[in-house]
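Asks: Got a file for you: final.cif, mmCIF, C-alpha atoms (C1' of nucleotides).
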data_model
#
loop_
_atom_site.label_atom_id
_atom_site.label_comp_id
_atom_site.auth_asym_id
_atom_site.auth_seq_id
_atom_site.Cartn_x
_atom_site.Cartn_y
_atom_site.Cartn_z
CA MET A 1173 -42.25 8.42 -10.43
CA GLY A 1174 -41.38 11.93 -11.33
CA THR A 1175 -44.91 13.04 -11.89
CA MET A 1176 -46.79 12.86 -8.64
CA SER A 1177 -48.56 15.52 -6.70
CA GLY A 1178 -48.36 15.78 -2.95
CA THR A 1179 -47.38 19.43 -2.66
CA VAL A 1180 -44.39 19.36 -0.38
CA PRO A 1181 -43.44 22.78 1.02
CA LEU A 1182 -40.40 23.04 -1.30
CA SER A 1183 -37.63 21.83 0.99
CA PRO A 1184 -37.08 21.23 4.67
CA LEU A 1185 -34.24 23.74 4.60
CA VAL A 1186 -32.43 22.18 7.48
CA HIS A 1187 -30.04 24.30 9.48
CA PRO A 1188 -27.90 23.20 12.41
CA GLU A 1189 -28.71 24.62 15.79
CA ARG A 1190 -26.14 26.53 17.74
CA GLY A 1191 -25.03 23.45 19.59
CA GLU A 1192 -24.53 21.48 16.40
CA MET A 1193 -22.20 23.94 14.74
CA THR A 1194 -18.49 23.17 14.56
CA VAL A 1195 -15.55 25.49 13.93
CA GLU A 1196 -14.16 23.20 11.35
CA ALA A 1197 -17.32 23.19 9.25
CA VAL A 1198 -17.52 26.97 9.49
CA LEU A 1199 -13.88 27.39 8.50
CA ARG A 1200 -14.32 24.98 5.62
CA ALA A 1201 -17.39 26.87 4.48
CA LEU A 1202 -15.54 30.17 4.54
CA ALA A 1203 -12.43 28.81 2.85
CA ASP A 1204 -13.68 29.26 -0.69
CA PRO A 1205 -13.56 32.44 -2.78
CA VAL A 1206 -17.15 32.19 -3.98
CA ARG A 1207 -18.58 31.49 -0.55
CA LEU A 1208 -16.45 34.20 1.00
CA ALA A 1209 -17.83 36.61 -1.57
CA ILE A 1210 -21.35 35.59 -0.63
CA VAL A 1211 -20.66 36.14 3.05
CA ARG A 1212 -19.11 39.53 2.34
CA GLN A 1213 -22.15 40.63 0.37
CA LEU A 1214 -24.50 39.45 3.08
CA ALA A 1215 -22.44 41.24 5.72
CA ALA A 1216 -22.31 44.42 3.68
CA THR A 1217 -26.06 44.47 3.22
CA GLY A 1218 -26.79 43.68 6.82
CA SER A 1219 -30.01 41.99 5.88
CA GLU A 1220 -31.10 39.34 3.39
CA ILE A 1221 -30.33 38.82 -0.28
CA ALA A 1222 -32.10 36.59 -2.79
CA CYS A 1223 -30.02 33.95 -4.59
CA GLY A 1224 -30.48 35.69 -7.90
CA ALA A 1225 -29.30 39.00 -6.48
CA LEU A 1226 -25.97 37.62 -5.34
CA ASP A 1227 -23.03 38.65 -7.51
CA VAL A 1228 -21.00 35.50 -8.08
CA PRO A 1229 -19.13 34.16 -11.11
CA VAL A 1230 -20.79 30.73 -11.19
CA THR A 1231 -23.92 29.15 -12.58
CA LYS A 1232 -27.10 28.89 -10.56
CA SER A 1233 -26.68 25.22 -9.77
CA THR A 1234 -23.22 25.90 -8.37
CA LEU A 1235 -24.59 28.81 -6.36
CA THR A 1236 -27.20 26.52 -4.88
CA HIS A 1237 -24.45 24.11 -3.89
CA HIS A 1238 -22.39 26.81 -2.18
CA LEU A 1239 -25.40 28.17 -0.31
CA SER A 1240 -26.19 24.66 0.83
CA ILE A 1241 -22.71 24.30 2.30
CA LEU A 1242 -22.94 27.66 4.02
CA ARG A 1243 -26.34 26.71 5.40
CA GLN A 1244 -25.22 23.30 6.63
CA ALA A 1245 -22.27 24.89 8.40
CA GLY A 1246 -24.61 27.33 10.10
CA VAL A 1247 -23.16 30.41 8.45
CA VAL A 1248 -26.33 31.49 6.68
CA THR A 1249 -30.07 30.98 6.98
CA GLY A 1250 -32.60 30.67 4.23
CA ARG A 1251 -36.11 32.05 4.25
CA GLN A 1252 -38.51 31.06 1.53
CA ASP A 1253 -40.96 33.57 0.06
CA GLY A 1254 -42.79 32.46 -3.02
CA THR A 1255 -40.24 31.09 -5.45
CA THR A 1256 -37.38 33.16 -4.17
CA ARG A 1257 -35.14 32.27 -1.27
CA PHE A 1258 -33.73 34.99 0.92
CA ASN A 1259 -30.42 34.35 2.58
CA SER A 1260 -28.97 36.07 5.61
CA LEU A 1261 -25.96 35.77 7.86
CA ARG A 1262 -26.36 34.04 11.23
CA ARG A 1263 -24.34 36.72 12.94
CA ASN A 1264 -25.77 36.14 16.39
CA ASP A 1265 -24.96 32.45 16.47
CA LEU A 1266 -21.53 32.86 14.94
CA ASP A 1267 -20.56 35.64 17.31
CA ALA A 1268 -21.81 33.67 20.28
CA LEU A 1269 -19.88 30.53 19.43
CA PHE A 1270 -16.75 31.97 17.86
CA PRO A 1271 -16.51 35.56 19.07
CA GLY A 1272 -14.41 37.62 16.70
CA LEU A 1273 -14.10 35.04 13.97
CA LEU A 1274 -16.52 36.58 11.49
CA ASP A 1275 -15.38 40.13 12.22
CA GLY A 1276 -11.78 39.04 11.79
CA VAL A 1277 -12.57 37.52 8.43
CA LEU A 1278 -14.51 40.56 7.28
CA ALA A 1279 -11.76 42.89 8.46
CA ALA A 1280 -9.36 41.27 6.02
CA PRO A 1281 -7.59 43.74 3.68
CA ARG A 1282 -8.57 41.70 0.65
CA MET B 326 24.09 12.57 -8.52
CA GLY B 327 22.93 12.19 -5.02
CA THR B 328 26.42 12.28 -3.57
CA MET B 329 27.72 15.82 -3.82
CA SER B 330 28.89 18.16 -1.16
CA GLY B 331 27.98 21.84 -1.16
CA THR B 332 26.44 22.07 2.30
CA VAL B 333 23.23 23.99 1.77
CA PRO B 334 21.68 25.53 4.91
CA LEU B 335 18.90 22.91 5.06
CA SER B 336 15.96 24.76 3.51
CA PRO B 337 15.02 28.32 2.71
CA LEU B 338 11.97 28.01 4.95
CA VAL B 339 10.04 30.70 3.16
CA HIS B 340 7.26 32.51 4.98
CA PRO B 341 4.96 35.19 3.59
CA GLU B 342 5.26 38.67 5.00
CA ARG B 343 2.32 40.37 6.59
CA GLY B 344 1.36 42.05 3.36
CA GLU B 345 1.40 38.79 1.44
CA MET B 346 -1.00 36.94 3.70
CA THR B 347 -4.58 36.38 2.54
CA VAL B 348 -7.65 35.47 4.56
CA GLU B 349 -8.54 32.73 2.20
CA ALA B 350 -5.19 30.97 2.60
CA VAL B 351 -5.42 31.30 6.37
CA LEU B 352 -8.97 29.93 6.43
CA ARG B 353 -7.99 27.07 4.17
CA ALA B 354 -5.03 26.31 6.39
CA LEU B 355 -7.22 26.22 9.48
CA ALA B 356 -9.98 24.19 7.86
CA ASP B 357 -8.43 20.81 8.54
CA PRO B 358 -8.66 18.78 11.75
CA VAL B 359 -4.95 17.94 11.90
CA ARG B 360 -3.81 21.48 11.25
CA LEU B 361 -6.36 22.85 13.68
CA ALA B 362 -4.98 20.49 16.32
CA ILE B 363 -1.48 21.76 15.61
CA VAL B 364 -2.60 25.37 15.98
CA ARG B 365 -4.41 24.56 19.22
CA GLN B 366 -1.32 22.94 20.68
CA LEU B 367 0.85 25.86 19.67
CA ALA B 368 -1.63 28.30 21.16
CA ALA B 369 -1.89 26.33 24.37
CA THR B 370 1.86 26.24 24.80
CA GLY B 371 2.29 29.88 24.00
CA SER B 372 5.76 29.26 22.66
CA GLU B 373 7.39 26.84 20.22
CA ILE B 374 7.03 23.11 19.72
CA ALA B 375 9.27 20.76 17.75
CA CYS B 376 7.67 18.71 14.98
CA GLY B 377 8.29 15.49 16.86
CA ALA B 378 6.62 16.84 19.97
CA LEU B 379 3.35 17.60 18.23
CA ASP B 380 0.57 15.17 19.01
CA VAL B 381 -1.05 14.34 15.68
CA PRO B 382 -2.48 11.12 14.25
CA VAL B 383 -0.48 11.15 11.00
CA THR B 384 2.91 10.03 9.75
CA LYS B 385 5.91 12.31 9.73
CA SER B 386 5.73 13.03 6.03
CA THR B 387 2.11 14.10 6.36
CA LEU B 388 3.00 16.28 9.32
CA THR B 389 5.65 17.98 7.23
CA HIS B 390 3.05 18.63 4.57
CA HIS B 391 0.59 20.19 7.03
CA LEU B 392 3.24 22.38 8.60
CA SER B 393 4.26 23.52 5.17
CA ILE B 394 0.70 24.62 4.41
CA LEU B 395 0.43 26.41 7.74
CA ARG B 396 3.75 28.13 7.08
CA GLN B 397 2.86 29.18 3.55
CA ALA B 398 -0.39 30.66 4.80
CA GLY B 399 1.50 32.64 7.42
CA VAL B 400 -0.09 30.90 10.38
CA VAL B 401 3.13 29.47 11.84
CA THR B 402 6.85 30.15 11.69
CA GLY B 403 9.68 27.65 11.70
CA ARG B 404 13.02 28.04 13.42
CA GLN B 405 15.77 25.56 12.73
CA ASP B 406 18.06 24.40 15.52
CA GLY B 407 20.30 21.49 14.71
CA THR B 408 18.16 18.76 13.24
CA THR B 409 14.99 19.83 14.94
CA ARG B 410 12.59 22.45 13.71
CA PHE B 411 10.69 24.56 16.20
CA ASN B 412 7.29 25.85 15.19
CA SER B 413 5.38 28.75 16.68
CA LEU B 414 2.18 30.69 16.00
CA ARG B 415 2.40 34.05 14.23
CA ARG B 416 -0.05 35.57 16.65
CA ASN B 417 1.06 39.16 16.13
CA ASP B 418 0.65 39.08 12.39
CA LEU B 419 -2.62 37.20 12.49
CA ASP B 420 -4.13 39.50 15.10
CA ALA B 421 -2.97 42.56 13.19
CA LEU B 422 -4.46 41.45 9.88
CA PHE B 423 -7.57 39.60 11.04
CA PRO B 424 -8.30 40.83 14.54
CA GLY B 425 -10.35 38.29 16.42
CA LEU B 426 -10.10 35.49 13.91
CA LEU B 427 -7.62 33.32 15.77
CA ASP B 428 -9.19 33.98 19.15
CA GLY B 429 -12.58 33.16 17.74
CA VAL B 430 -11.32 29.87 16.38
CA LEU B 431 -9.59 28.98 19.64
CA ALA B 432 -12.66 29.91 21.65
CA ALA B 433 -14.62 27.19 19.85
CA PRO B 434 -16.35 24.72 22.18
CA ARG B 435 -14.82 21.75 20.39
"C1'" DG C 1197 33.82 5.87 9.43
"C1'" DG C 1198 29.20 4.06 10.67
"C1'" DA C 1199 24.78 4.43 13.11
"C1'" DT C 1200 20.96 7.31 14.84
"C1'" DT C 1201 17.83 10.82 15.02
"C1'" DA C 1202 14.88 14.59 12.90
"C1'" DG C 1203 12.72 16.19 9.03
"C1'" DT C 1204 12.03 16.65 4.01
"C1'" DT C 1205 11.04 15.25 -0.81
"C1'" DC C 1206 8.93 12.46 -4.16
"C1'" DG C 1207 5.60 9.75 -6.43
"C1'" DA C 1208 1.25 7.31 -5.88
"C1'" DC C 1209 -3.35 6.44 -4.50
"C1'" DG C 1210 -8.23 7.21 -3.17
"C1'" DA C 1211 -11.44 10.61 -1.43
"C1'" DA C 1212 -13.40 14.99 -1.49
"C1'" DC C 1213 -14.30 19.27 -3.91
"C1'" DG C 1214 -15.95 22.81 -7.38
"C1'" DT C 1215 -17.96 23.15 -11.65
"C1'" DC C 1216 -21.30 22.46 -15.11
"C1'" DG C 1217 -25.55 21.02 -17.86
"C1'" DT C 1218 -29.88 18.89 -17.80
"C1'" DA C 1219 -34.00 17.80 -15.80
"C1'" DG C 1220 -37.22 18.64 -12.29
"C1'" DT C 1221 -40.29 21.21 -8.84
"C1'" DT C 1222 -42.71 24.95 -7.01
"C1'" DC C 1223 -44.86 29.34 -7.26
"C1'" DG C 1224 -47.18 33.21 -9.43
"C1'" DA C 1225 -49.16 35.37 -13.42
"C1'" DT C 1226 -51.58 35.13 -17.73
"C1'" DA D 1162 -54.09 25.09 -17.82
"C1'" DT D 1163 -50.09 26.94 -19.58
"C1'" DC D 1164 -46.11 29.66 -19.24
"C1'" DG D 1165 -42.04 31.73 -17.25
"C1'" DA D 1166 -39.19 32.72 -13.29
"C1'" DA D 1167 -36.48 30.96 -9.26
"C1'" DC D 1168 -34.25 27.51 -7.45
"C1'" DT D 1169 -33.08 22.54 -6.35
"C1'" DA D 1170 -31.52 17.66 -7.38
"C1'" DC D 1171 -28.75 14.56 -9.98
"C1'" DG D 1172 -24.91 12.82 -12.58
"C1'" DA D 1173 -20.63 13.63 -14.67
"C1'" DC D 1174 -16.17 15.69 -15.23
"C1'" DG D 1175 -11.57 17.29 -13.95
"C1'" DT D 1176 -8.87 19.09 -10.14
"C1'" DT D 1177 -7.23 19.50 -5.68
"C1'" DC D 1178 -6.44 17.44 -1.15
"C1'" DG D 1179 -4.86 14.31 2.58
"C1'" DT D 1180 -2.54 10.24 3.24
"C1'" DC D 1181 1.13 7.01 3.03
"C1'" DG D 1182 5.78 4.58 2.23
"C1'" DA D 1183 10.31 4.73 0.49
"C1'" DA D 1184 14.29 7.28 -0.43
"C1'" DC D 1185 16.94 11.22 0.81
"C1'" DT D 1186 19.61 15.00 3.44
"C1'" DA D 1187 21.60 17.03 7.67
"C1'" DA D 1188 23.22 17.08 12.12
"C1'" DT D 1189 24.75 14.41 16.13
"C1'" DC D 1190 26.83 10.68 18.63
"C1'" DC D 1191 29.60 6.34 19.21
#
Will you turn the file into structure tokens for me?
Replies:
Amino acid sequence: MGTMSGTVPLSPLVHPERGEMTVEAVLRALADPVRLAIVRQLAATGSEIACGALDVPVTKSTLTHHLSILRQAGVVTGRQDGTTRFNSLRRNDLDALFPGLLDGVLAAPR
Amino acid sequence: MGTMSGTVPLSPLVHPERGEMTVEAVLRALADPVRLAIVRQLAATGSEIACGALDVPVTKSTLTHHLSILRQAGVVTGRQDGTTRFNSLRRNDLDALFPGLLDGVLAAPR
DNA sequence: GGATTAGTTCGACGAACGTCGTAGTTCGAT
DNA sequence: ATCGAACTACGACGTTCGTCGAACTAATCC
């Protein structure tokens, strides 16, 4: 069962399209300290960051879980390159659907 | 025990000041369908709405709970008048702290 | 004094969430 | 072909969350 070779391209890495995104999912995704930290780091960089380069106080499996939630909500995108996955903010889509939301969150004092 | 007369002014009704509000609490408060519906109704009205006049699919005790969370996050204010409590959005404070956040949320397609 | 209306408070319950460790998969280098 | 690095997938666990009903308080009206 476990040992079989078919060479699947790692993971489908499914993201919602613009039309599939909901405010509630986005708000829920942002309403967690770890995920908010991830979004802040991605916003500060302006480009992509590998999972391992993200500064978060959780284990890797938990990080994976949080990134999955952010991805499913449409907040971030993942690009695979070798064994490392590069994550970036979907600024365009977020700004188009919920203009001001992301900037408002990032403008927060703390 | 229950029967004693001191006539307390109903409830302290404690709200955070501008400086006490955090993005995370606001996001968490907004990340629920019922509470989002409440905020939308308050925004649509532009002024205050009594608890009983809010259109939500939950019991009164649950409504109280949701309003309490919104109040503690600094999203809404409560004004007592007789036995009815009037709720209103803290637009000024929200816009000052997180410019664009509320508008972005309200601009959401669904 | 009741009776009524408007909200709140207090458990209680199940569902969802965040966290972890372990095991697994894929890729690249040796 | 073997090894290590980079993540992902799967259970398991404790905690928090949303929900309700029942009991309570406060103001208003008869």
Asks: I would like the residues chosen by the PyMOL selection byres ((chain D) within 10 of (chain B)) on the shown file; could you give them as an mmCIF file with C-alpha atoms (C1' of nucleotides), in the frame of the given file?
Replies:
data_model
loop_
_atom_site.group_PDB
_atom_site.id
_atom_site.type_symbol
_atom_site.label_atom_id
_atom_site.label_comp_id
_atom_site.auth_asym_id
_atom_site.auth_seq_id
_atom_site.Cartn_x
_atom_site.Cartn_y
_atom_site.Cartn_z
ATOM 1 C "C1'" DG D 1179 -4.860 14.310 2.580
ATOM 2 C "C1'" DT D 1180 -2.540 10.240 3.240
ATOM 3 C "C1'" DC D 1181 1.130 7.010 3.030
ATOM 4 C "C1'" DG D 1182 5.780 4.580 2.230
ATOM 5 C "C1'" DC D 1185 16.940 11.220 0.810
ATOM 6 C "C1'" DT D 1186 19.610 15.000 3.440
ATOM 7 C "C1'" DA D 1187 21.600 17.030 7.670
ATOM 8 C "C1'" DA D 1188 23.220 17.080 12.120
ATOM 9 C "C1'" DT D 1189 24.750 14.410 16.130
#
Asks: I need the residue set behind the PyMOL selection byres ((chain A and resi 1198-1203) around 10) for this file; please write it as an MDAnalysis selection string.
Replies: (chainID A and resid 1193:1197 1204:1211 1238:1247 1266 1270 1273:1274 1277) or (chainID B and resid 348:357 430)
Asks: Expand the PyMOL selection byres ((chain D and resi 1167) around 10) into the explicit residue set it covers here, and present it as a list in words.
Replies: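 This file, filtered by the PyMOL selection byres ((chain D and resi 1167) around 10), leaves Ala1222, Cys1223, Gly1224, Lys1232, Gly1254, Thr1255, Thr1256 and Arg1257 of chain A; DT1222 and DC1223 of chain C; DG1165, DA1166, DC1168 and DT1169 of chain D.
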Asks: Could you write out as a PyMOL selection string the residues of chain C within 8 Å of chain A, counting all atoms listed in the file?
Replies: chain C and resi 1214-1216+1220-1224
Asks: Atom CA of B:Phe411 to atom CA of B:His340: how many Å, to one decimal?
Replies: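 Computing the Euclidean distance for atom CA of B:Phe411 and atom CA of B:His340 yields 14.2 Å.
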Asks: Identify which of the residues B:Leu431, B:Leu414, B:Leu338, B:Val401 lies closest to B:Gly371, counting all atoms listed in the file when measuring atom-to-atom distances.
Replies: B:Leu414
Asks: May I ask which of the residues B:Glu342, B:Asp420, B:Glu373, B:Asp380 is the closest one to chain A, counting all atoms listed in the file?
Replies: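 Comparing B:Glu342, B:Asp420, B:Glu373, B:Asp380 against chain A, the winner is B:Asp420.
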Asks: In Å, with one decimal, what is the gap from atom CA of B:Pro424 to atom CA of A:Ala1280?
Replies: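 It comes out at 8.6 Å.
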Asks: Calculate how many Å separate atom CA of A:Asp1275 from atom CA of A:Leu1226, rounding to one decimal.
Replies: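 One can read the atom CA of A:Asp1275 to atom CA of A:Leu1226 distance as 20.7 Å.
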